[in-house]
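Undergrad: One file: query-v8.cif (mmCIF, C-alpha atoms).
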```cif
data_query
loop_
_atom_site.label_atom_id
_atom_site.label_comp_id
_atom_site.auth_asym_id
_atom_site.auth_seq_id
_atom_site.Cartn_x
_atom_site.Cartn_y
_atom_site.Cartn_z
CA MET A 1 11.06 8.08 8.73
CA SER A 2 13.84 9.57 10.82
CA LYS A 3 13.78 13.29 11.46
CA ALA A 4 17.56 13.35 10.98
CA LEU A 5 17.25 12.67 7.25
CA ARG A 6 17.78 15.52 4.83
CA LEU A 7 14.75 16.71 2.85
CA SER A 8 16.13 15.44 -0.46
CA GLU A 9 17.08 12.19 1.21
CA LYS A 10 13.50 11.74 2.42
CA TRP A 11 12.14 12.13 -1.11
CA PHE A 12 14.76 9.76 -2.46
CA GLN A 13 13.73 7.24 0.19
CA ARG A 14 10.08 7.55 -0.85
CA GLY A 15 10.99 7.17 -4.51
CA LEU A 16 13.04 4.06 -3.76
CA TRP A 17 10.08 2.58 -1.88
CA LEU A 18 8.03 3.11 -5.02
CA VAL A 19 10.74 1.28 -6.96
CA ALA A 20 10.56 -1.57 -4.44
CA LEU A 21 6.78 -1.79 -4.78
CA ALA A 22 6.92 -1.65 -8.58
CA PHE A 23 9.60 -4.35 -8.65
CA ALA A 24 7.49 -6.49 -6.32
CA GLY A 25 4.39 -5.94 -8.48
CA PHE A 26 6.09 -7.14 -11.66
CA LEU A 27 7.57 -10.14 -9.86
CA ILE A 28 4.16 -10.98 -8.39
CA GLY A 29 2.55 -10.82 -11.85
CA LEU A 30 5.19 -13.10 -13.33
CA GLY A 31 5.07 -15.46 -10.35
CA GLY A 32 1.29 -15.68 -10.50
CA LYS A 33 1.45 -16.78 -14.14
CA VAL A 34 4.08 -19.41 -13.38
CA VAL A 35 2.28 -20.78 -10.30
CA ASP A 36 -1.05 -20.92 -12.13
CA ASN A 37 0.44 -22.68 -15.15
CA MET A 38 1.99 -25.32 -12.91
CA ASN A 39 -1.35 -27.09 -13.30
CA LEU A 40 -0.36 -27.86 -16.90
CA VAL A 41 2.74 -29.82 -15.89
CA GLU A 42 0.56 -32.95 -15.72
CA ALA A 43 -2.30 -33.68 -18.11
CA PRO A 44 -5.75 -33.17 -16.59
CA LEU A 45 -7.73 -36.28 -15.67
CA SER A 46 -11.25 -37.21 -16.72
CA LEU A 47 -13.77 -39.71 -15.38
CA ASP A 48 -13.81 -41.65 -18.67
CA GLN A 49 -10.18 -42.64 -18.13
CA PHE A 50 -11.19 -44.78 -15.12
CA VAL A 51 -14.29 -46.47 -16.57
CA ASP A 52 -13.95 -50.20 -17.39
CA PRO A 53 -12.02 -50.22 -20.70
CA ARG A 54 -14.11 -53.12 -22.05
CA GLN A 55 -17.61 -52.16 -20.93
CA GLY A 56 -17.23 -48.37 -20.99
CA PRO A 57 -16.76 -47.85 -24.77
CA ALA A 58 -19.54 -50.37 -25.54
CA ALA A 59 -21.94 -48.60 -23.15
CA GLN A 60 -21.05 -45.23 -24.64
CA ALA A 61 -21.57 -46.52 -28.18
CA GLN A 62 -24.92 -48.00 -27.16
CA LEU A 63 -25.93 -44.69 -25.61
CA ASP A 64 -24.89 -42.74 -28.72
CA ALA A 65 -26.86 -45.13 -30.95
CA ALA A 66 -29.93 -44.90 -28.70
CA GLU A 67 -29.77 -41.11 -28.73
CA LYS A 68 -29.54 -41.11 -32.55
CA VAL A 69 -32.54 -43.44 -32.84
CA MET A 70 -34.48 -41.28 -30.39
CA ARG A 71 -33.66 -38.11 -32.38
CA ASP A 72 -34.72 -39.76 -35.64
CA ALA A 73 -37.92 -41.02 -34.03
CA GLY A 74 -38.63 -37.56 -32.71
CA ASP A 75 -38.16 -35.99 -36.14
CA ALA A 76 -40.41 -38.62 -37.74
CA LEU A 77 -43.03 -38.09 -35.06
CA GLU A 78 -43.10 -34.36 -35.78
CA GLN A 79 -43.57 -35.05 -39.50
CA ALA A 80 -46.38 -37.54 -38.83
CA ARG A 81 -48.14 -35.11 -36.53
CA GLN A 82 -47.87 -32.40 -39.16
CA GLN A 83 -49.33 -34.72 -41.82
CA HIS A 84 -52.16 -35.70 -39.50
CA LYS A 85 -52.83 -32.05 -38.82
CA VAL A 86 -53.06 -31.35 -42.58
CA ALA A 87 -55.34 -34.36 -43.16
CA SER A 88 -57.57 -33.32 -40.28
CA ALA A 89 -57.79 -29.80 -41.67
CA ASN A 90 -58.71 -31.14 -45.14
CA THR A 91 -61.43 -33.36 -43.69
CA GLN A 92 -62.84 -30.49 -41.64
CA SER A 93 -62.90 -28.20 -44.65
CA ALA A 94 -64.56 -30.85 -46.82
CA ARG A 95 -67.10 -31.57 -44.08
CA GLU A 96 -68.09 -27.90 -43.89
CA THR A 97 -68.40 -27.70 -47.69
CA PHE A 98 -70.49 -30.88 -47.77
CA ASP A 99 -72.80 -29.60 -45.02
CA ASN A 100 -73.37 -26.36 -46.87
CA TRP A 101 -74.08 -28.17 -50.12
CA LEU A 102 -76.41 -30.62 -48.36
CA SER A 103 -78.41 -27.75 -46.90
CA THR A 104 -78.78 -26.26 -50.36
CA ARG A 105 -79.97 -29.58 -51.75
CA HIS A 106 -82.63 -29.95 -49.10
CA ALA A 107 -83.80 -26.46 -49.90
CA THR A 108 -84.13 -27.10 -53.63
CA ALA A 109 -85.03 -30.84 -53.43
CA ARG A 110 -83.71 -31.49 -56.95
CA PRO A 111 -83.43 -35.27 -57.79
CA GLU A 112 -80.61 -34.76 -60.36
CA GLN A 113 -78.31 -33.89 -57.46
CA ASP A 114 -78.42 -37.44 -55.98
CA THR A 115 -75.44 -38.54 -58.08
CA GLU A 116 -73.41 -35.56 -56.89
CA LEU A 117 -74.43 -36.34 -53.31
CA ILE A 118 -73.03 -39.85 -53.65
CA GLU A 119 -69.79 -38.50 -55.16
CA ARG A 120 -69.35 -35.88 -52.45
CA THR A 121 -69.98 -38.49 -49.78
CA ARG A 122 -67.39 -40.77 -51.37
CA GLN A 123 -64.83 -37.93 -51.40
CA LEU A 124 -65.55 -37.10 -47.78
CA ASP A 125 -65.09 -40.75 -46.79
CA ALA A 126 -61.75 -40.81 -48.64
CA LEU A 127 -60.54 -37.74 -46.73
CA LYS A 128 -61.69 -39.27 -43.47
CA ALA A 129 -59.81 -42.45 -44.31
CA ALA A 130 -56.68 -40.41 -45.06
CA GLU A 131 -57.05 -38.68 -41.72
CA ARG A 132 -57.34 -42.02 -39.93
CA LYS A 133 -54.26 -43.27 -41.79
CA ALA A 134 -52.29 -40.18 -40.74
CA LEU A 135 -53.45 -40.69 -37.15
CA ALA A 136 -52.30 -44.31 -37.29
CA ALA A 137 -48.91 -43.13 -38.54
CA VAL A 138 -48.70 -40.68 -35.63
CA GLU A 139 -49.49 -43.42 -33.16
CA ALA A 140 -46.87 -45.69 -34.72
CA GLN A 141 -44.23 -42.96 -34.52
CA GLU A 142 -45.20 -42.22 -30.91
CA GLN A 143 -44.65 -45.89 -30.07
CA ARG A 144 -41.31 -45.86 -31.87
CA HIS A 145 -40.26 -42.69 -30.04
CA LEU A 146 -41.33 -44.18 -26.71
CA ASP A 147 -39.27 -47.33 -27.38
CA ALA A 148 -36.26 -45.23 -28.37
CA ARG A 149 -36.59 -43.07 -25.27
CA GLN A 150 -36.76 -46.11 -23.02
CA ALA A 151 -33.75 -47.68 -24.75
CA ASN A 152 -31.84 -44.43 -24.31
CA GLY A 153 -32.73 -44.42 -20.60
CA ARG A 154 -31.44 -47.97 -20.19
CA ALA A 155 -28.19 -47.15 -22.01
CA HIS A 156 -27.74 -44.04 -19.91
CA ASP A 157 -28.32 -46.01 -16.69
CA ARG A 158 -25.74 -48.58 -17.73
CA LEU A 159 -23.12 -45.95 -18.49
CA TYR A 160 -23.96 -44.07 -15.27
CA ALA A 161 -23.45 -47.27 -13.26
CA LEU A 162 -20.01 -47.74 -14.82
CA GLN A 163 -19.12 -44.10 -14.11
CA GLN A 164 -20.25 -44.40 -10.48
CA GLU A 165 -18.06 -47.46 -10.12
CA ALA A 166 -15.09 -45.48 -11.48
CA GLN A 167 -15.81 -42.35 -9.43
CA GLY A 168 -13.77 -43.49 -6.42
CA ARG A 169 -10.68 -44.27 -8.51
CA PHE A 170 -11.04 -40.97 -10.36
CA GLN A 171 -11.25 -38.92 -7.14
CA LYS A 172 -8.24 -40.69 -5.64
CA ALA A 173 -6.17 -40.12 -8.78
CA GLU A 174 -7.29 -36.48 -8.93
CA GLN A 175 -6.24 -35.93 -5.31
CA LEU A 176 -2.83 -37.46 -5.97
CA ARG A 177 -2.43 -35.27 -9.05
CA GLU A 178 -3.36 -32.15 -7.07
CA LEU A 179 -0.88 -33.15 -4.39
CA ARG A 180 1.90 -33.58 -6.94
CA VAL A 181 1.12 -30.24 -8.58
CA PHE A 182 1.08 -28.62 -5.14
CA GLY A 183 4.51 -30.18 -4.54
CA TYR A 184 5.77 -28.55 -7.74
CA ARG A 185 4.41 -25.19 -6.60
CA LEU A 186 5.88 -25.63 -3.13
CA ALA A 187 9.25 -26.55 -4.63
CA LEU A 188 9.11 -23.26 -6.54
CA THR A 189 7.88 -20.90 -3.81
CA LEU A 190 9.58 -22.30 -0.68
CA PRO A 191 13.13 -21.53 -1.92
CA LEU A 192 11.94 -18.02 -2.75
CA LEU A 193 10.75 -17.63 0.84
CA LEU A 194 14.07 -18.92 2.20
CA VAL A 195 16.03 -16.55 -0.04
CA ALA A 196 13.78 -13.70 1.11
CA ALA A 197 14.48 -14.58 4.76
CA TRP A 198 18.23 -14.53 4.09
CA LEU A 199 17.99 -11.20 2.28
CA TRP A 200 15.93 -9.72 5.10
CA LYS A 201 18.51 -10.80 7.64
CA HIS A 202 21.64 -9.71 5.78
CA LYS A 203 20.80 -7.28 2.96
CA ARG A 204 17.71 -5.27 3.88
CA LYS A 205 19.81 -2.20 4.84
CA GLY A 206 22.34 -2.47 2.05
CA THR A 207 22.80 -0.30 -1.01
CA TRP A 208 20.35 -2.27 -3.11
CA TRP A 209 17.63 -2.43 -0.47
CA PRO A 210 14.72 -1.44 -2.83
CA PHE A 211 15.23 -4.61 -4.86
CA VAL A 212 15.75 -6.64 -1.69
CA TRP A 213 12.45 -5.45 -0.21
CA GLY A 214 10.70 -5.89 -3.56
CA PHE A 215 11.85 -9.51 -3.67
CA ILE A 216 10.78 -10.01 -0.04
CA PHE A 217 7.28 -8.70 -0.79
CA PHE A 218 7.10 -10.94 -3.85
CA ALA A 219 8.20 -14.05 -1.95
CA LEU A 220 5.70 -13.46 0.86
CA PHE A 221 2.87 -12.88 -1.62
CA ALA A 222 3.82 -15.93 -3.69
CA PHE A 223 3.91 -18.22 -0.65
CA PHE A 224 0.98 -16.98 1.45
CA VAL A 225 -1.39 -15.68 -1.25
CA GLU A 226 -0.67 -17.60 -4.43
CA LEU A 227 0.31 -20.96 -2.93
CA VAL A 228 -2.08 -21.35 0.02
CA PRO A 229 -5.30 -21.48 -2.11
CA TYR A 230 -3.86 -24.52 -3.93
CA LEU A 231 -3.19 -26.37 -0.66
CA PRO A 232 -5.10 -29.69 -0.77
CA SER A 233 -8.08 -29.51 1.55
CA TYR A 234 -9.00 -33.12 2.46
CA GLY A 235 -12.10 -31.81 4.20
CA GLY A 236 -10.28 -28.81 5.66
CA TYR A 237 -8.03 -30.87 7.95
CA ILE A 238 -4.83 -30.19 6.03
CA ARG A 239 -5.28 -26.43 6.06
CA TYR A 240 -6.05 -26.33 9.77
CA VAL A 241 -3.07 -28.57 10.58
CA VAL A 242 -0.75 -26.47 8.42
CA GLY A 243 -2.15 -23.31 10.02
CA ILE A 244 -1.44 -24.73 13.48
CA LEU A 245 2.12 -25.73 12.54
CA VAL A 246 2.88 -22.34 10.98
CA THR A 247 1.40 -20.54 13.98
CA VAL A 248 3.46 -22.66 16.40
CA LEU A 249 6.68 -22.10 14.43
CA VAL A 250 6.14 -18.35 14.06
CA GLY A 251 5.01 -18.01 17.67
CA ARG A 252 8.01 -19.96 18.96
CA GLN A 253 10.39 -17.83 16.89
CA ALA A 254 8.70 -14.67 18.19
CA ILE A 255 9.03 -15.85 21.80
CA VAL A 256 12.70 -16.81 21.33
CA SER A 257 13.40 -13.46 19.65
CA LEU A 258 11.70 -11.61 22.51
CA GLN A 259 13.76 -13.46 25.10
CA ARG A 260 16.99 -12.72 23.22
CA TYR A 261 16.00 -9.07 22.88
CA LEU A 262 15.32 -8.80 26.60
CA GLU A 263 18.66 -10.45 27.38
CA ARG A 264 20.48 -8.03 25.07
CA GLN A 265 18.69 -5.10 26.68
CA LYS A 266 19.60 -6.26 30.17
CA ALA A 267 23.23 -6.71 29.12
CA ALA A 268 23.26 -3.28 27.47
CA GLU A 269 21.69 -1.61 30.52
CA ALA A 270 24.45 -3.09 32.68
CA LEU A 271 27.15 -1.25 30.66
CA PRO A 272 28.50 2.15 31.72
CA ASP A 273 26.59 5.19 30.49
CA THR A 274 29.42 6.44 28.26
CA GLN A 275 29.81 3.10 26.51
CA ARG A 276 26.09 2.78 25.92
CA ARG A 277 25.89 6.29 24.44
CA GLU A 278 28.82 5.55 22.16
CA SER A 279 27.12 2.42 20.83
CA LEU A 280 23.92 4.36 20.18
CA SER A 281 25.85 7.20 18.55
CA LEU A 282 26.92 4.76 15.87
CA ASP A 283 23.22 4.51 14.91
CA TYR A 284 22.49 8.22 14.92
CA ASP A 285 19.15 7.97 13.09
CA THR A 286 17.81 5.28 15.43
CA ALA A 287 18.63 7.31 18.53
CA LEU A 288 16.93 10.45 17.19
CA THR A 289 13.93 8.45 15.97
CA ARG A 290 13.41 6.97 19.43
CA MET A 291 13.80 10.35 21.08
CA GLY A 292 11.28 11.80 18.65
CA LYS A 293 8.79 9.11 19.71
CA GLY A 294 9.22 9.95 23.40
CA VAL A 295 11.08 6.77 24.37
CA CYS A 296 14.54 6.18 25.76
CA PRO A 297 17.07 5.31 23.04
CA GLY A 298 18.69 2.78 25.37
CA CYS A 299 15.82 0.77 26.89
CA GLU A 300 12.97 1.99 24.65
CA ARG A 301 10.70 2.71 27.62
CA PRO A 302 8.55 5.87 27.58
CA VAL A 303 10.13 8.97 29.12
CA ASP A 304 8.68 12.47 29.51
CA LEU A 305 11.31 14.25 27.43
CA LYS A 306 9.46 17.57 27.73
CA ASP A 307 10.24 17.76 31.43
CA PRO A 308 13.34 20.04 31.70
CA LYS A 309 14.34 18.34 34.95
CA ILE A 310 14.85 14.93 33.33
CA ASP A 311 18.39 14.47 32.03
CA TYR A 312 18.70 10.73 32.61
CA CYS A 313 16.39 7.85 31.82
CA PRO A 314 14.63 6.84 35.07
CA HIS A 315 14.50 3.23 33.86
CA CYS A 316 18.05 2.44 32.66
CA GLY A 317 20.03 5.52 33.72
CA ILE A 318 21.41 6.49 30.31
CA GLY A 319 22.07 10.18 29.78
CA LEU A 320 19.44 11.80 27.58
CA PHE A 321 20.43 15.47 27.86
CA ASN A 322 23.68 17.26 28.61
CA ARG A 323 25.04 20.76 28.34
CA CYS A 324 27.15 22.26 25.63
CA GLY A 325 30.79 22.69 26.68
CA ALA A 326 30.91 26.09 24.98
CA CYS A 327 27.60 27.80 25.82
CA ALA A 328 26.24 25.50 28.56
CA THR A 329 22.94 25.15 26.68
CA ARG A 330 20.91 22.05 27.60
CA LYS A 331 20.74 19.84 24.51
CA ASN A 332 20.07 16.29 23.31
CA ALA A 333 22.97 14.07 24.35
CA PHE A 334 22.92 12.23 21.02
CA THR A 335 23.05 15.21 18.65
CA ARG A 336 26.32 15.82 16.87
CA PHE A 337 26.34 19.60 17.27
CA CYS A 338 24.93 22.12 19.69
CA PHE A 339 21.84 23.77 18.27
CA SER A 340 22.73 27.04 20.03
CA CYS A 341 26.37 27.62 19.12
CA GLY A 342 27.25 24.80 16.72
CA THR A 343 29.95 23.29 18.92
CA PRO A 344 30.50 19.56 18.21
CA GLY A 345 28.62 17.28 20.57
CA ASN A 346 31.73 15.55 21.85
CA ALA A 347 32.66 18.80 23.61
CA ALA A 348 29.53 18.63 25.76
CA GLN A 349 29.55 18.54 29.52
CA ALA A 350 27.72 15.88 31.46
CA PRO A 351 24.82 17.14 33.53
CA ALA A 352 25.61 17.99 37.10
CA PRO A 353 24.70 15.28 39.57
#
```
Transcribe the structure of this file into structure tokens.

TA:
Amino acid sequence: MSKALRLSEKWFQRGLWLVALAFAGFLIGLGGKVVDNMNLVEAPLSLDQFVDPRQGPAAQAQLDAAEKVMRDAGDALEQARQQHKVASANTQSARETFDNWLSTRHATARPEQDTELIERTRQLDALKAAERKALAAVEAQEQRHLDARQANGRAHDRLYALQQEAQGRFQKAEQLRELRVFGYRLALTLPLLLVAAWLWKHKRKGTWWPFVWGFIFFALFAFFVELVPYLPSYGGYIRYVVGILVTVLVGRQAIVSLQRYLERQKAAEALPDTQRRESLSLDYDTALTRMGKGVCPGCERPVDLKDPKIDYCPHCGIGLFNRCGACATRKNAFTRFCFSCGTPGNAAQAPAP
């Protein structure tokens, strides 16, 4: 910030920069929402849209039916296994009871217990038969579940083959959709960037400069931060090509601007000293800012301004210091008043040759 600014003016400038940043922040938030929601302009695509319309629904229905049969077979298999588990537990319990009773009978050797032995044996055989029946049911359900699982695998393979066949068409359509959506986003952000360039060239130093700079920050952020991530990749080639083109355009503009600047500087250095000082006096803050940085206000080359013997720029010859016409004090040639006596600067004397 220029040292010629008043203290209050400096604080106002800082406050206005905060206004510019706040304005840019709100615009960036709004722009981010709009750019992100551009994806909703066209309906999203799905792979099912590109599957054969005749075979696809039939394959999906077959897969759904196979999955239902497999779930039902699984549930039935769990029930059969549970029933077999109960029957096995009943047989085991009856076997233990029968063994204990048989041991008691051998110990007592009572003939009247032969009828009970036959009955107990018959009951044990019935439980064993029930266990075998439950096991047969389990085996049948396992076979049914296996058949359902294999049928589900075949239906899944058929649908997967149809989806693989449609994958190429789906990817191509998705790329075209992304390209169209990117075109919508580019159509929104590119005019903002062009408007920002025009504002920077013509309005950045005007009365409403905080809003101008806020819009410039917003346009740059919208184009280079919010738009670039949506740039179609195509394996990375597009981004590298676009990066090369942007670099070439920006680099060319920078080179042309440098050449023009050097030509203007050479033309300005060829002018008489008085005329050059008058042109710089119109931009009082710029002249003092350059002097404060230790460079010549005319050619912007470094000069040792602390050396009291240097009154002219050794590079372009412009007068840097002169003497007050009233008190002969050595002073900055671009100041408006003498710091020693307050005499206006236009009453200064040129330094003696």

Undergrad: Would you translate the PyMOL selection byres ((chain A and resi 72-80) around 12) into the concrete set of residues it matches in this file, as a VMD selection string?

TA: chain A and resid 65 to 71 81 to 87 131 to 149 152

Undergrad: With all atoms listed in the file as the atoms that count, which of A:Phe170, A:Phe337, A:Phe182, A:Phe50 lies nearest to Leu231 (chain A)?

TA: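 Among A:Phe170, A:Phe337, A:Phe182, A:Phe50, it is A:Phe182 that comes nearest to Leu231 (chain A).
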
Undergrad: Could you list, as JSON, numbers by chain, every residue within 12 Å of Val181 (chain A), counting all atoms listed in the file and ignoring same-chain residues fewer than 5 positions away?

TA: {"A": [35, 36, 37, 38, 39, 40, 41, 42, 43, 44, 174, 175, 176, 186, 187, 188, 227, 230, 231, 232]}

Undergrad: List every protein, DNA or RNA residue with an atom no more than 8 Å from (-15.7, -39.5, -11.8) in the file's coordinates, counting all atoms listed in the file, and format the result as a ChimeraX atom specification.

TA: /A:46-48,50,163-164,166-171

Undergrad: Using all atoms listed in the file, which protein or nucleic acid residues come within 10 Å of Leu63 (chain A)? Drop anything in the same chain fewer than 4 positions from it, and give the result as a VMD selection string.

TA: chain A and resid 57 to 59 67 to 69 151 to 159

Undergrad: Here is a test: counting only C-alpha atoms, which residue of A:Asp311, A:Ala219, A:Gly298, A:Val34 is nearest to Tyr184 (chain A)?

TA: A:Val34

Undergrad: Measuring atom to atom with only C-alpha atoms, identify which of A:Val242, A:Arg54, A:Gln13, A:Asn90 is nearest to Val228 (chain A).

TA: A:Val242

Undergrad: To one decimal place, how far is CA of Leu18 (chain A) from CA of Lys205 (chain A) in Å?

TA: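 Between these atoms lies a distance of 16.3 Å.
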
Undergrad: If we count all atoms listed in the file and set the cut-off at 8 Å, which residues sit around region 261-274 of chain A, ignoring sequence neighbours fewer than 4 positions away in its own chain? Please answer as a list of chain:residue names.

TA: A:Ser257, A:Glu278, A:Gly298, A:Cys299, A:Cys316, A:Gly317, A:Ile318, A:Gly319

Undergrad: Could you state the separation of CA of Gly292 (chain A) and CA of Thr329 (chain A) in Å, given to one decimal place?

TA: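 These two atoms are separated by 19.5 Å.
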
Undergrad: By how many Å are CA of Asp99 (chain A) and CA of Glu119 (chain A) apart?

TA: 13.8 Å

Undergrad: Go through A:Leu192, A:Ile310, A:Leu258, A:Val246 and flag the residue nearest Leu27 (chain A), using all atoms listed in the file for the distances.

TA: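 For Leu27 (chain A), the nearest of the candidates is A:Leu192.
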
Undergrad: Measuring atom to atom with all atoms listed in the file, identify which of A:Lys128, A:Leu45, A:Thr115, A:Ala24 is nearest to Glu178 (chain A).

TA: A:Leu45

Undergrad: Can you pull out the residues contacting Cys341 (chain A)? Cut-off 12 Å, using only C-alpha atoms, and skip same-chain residues under 6 positions away; I want them as a tab-separated table (two decimals) with C-alpha atoms, in the frame of the given file.

TA:
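As a result, part.tsv now contains:
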```
chain	number	residue	atom	x	y	z
A	323	ARG	CA	25.04	20.76	28.34
A	324	CYS	CA	27.15	22.26	25.63
A	325	GLY	CA	30.79	22.69	26.68
A	326	ALA	CA	30.91	26.09	24.98
A	327	CYS	CA	27.60	27.80	25.82
A	328	ALA	CA	26.24	25.50	28.56
A	329	THR	CA	22.94	25.15	26.68
A	330	ARG	CA	20.91	22.05	27.60
A	331	LYS	CA	20.74	19.84	24.51
A	347	ALA	CA	32.66	18.80	23.61
A	348	ALA	CA	29.53	18.63	25.76
```

Undergrad: Taking all atoms listed in the file into account, name the residue in A:Arg290, A:Arg185, A:Ile216, A:Thr121 that is nearest to Trp200 (chain A).

TA: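 The shortest atom-to-atom distance to Trp200 (chain A) comes from A:Ile216.
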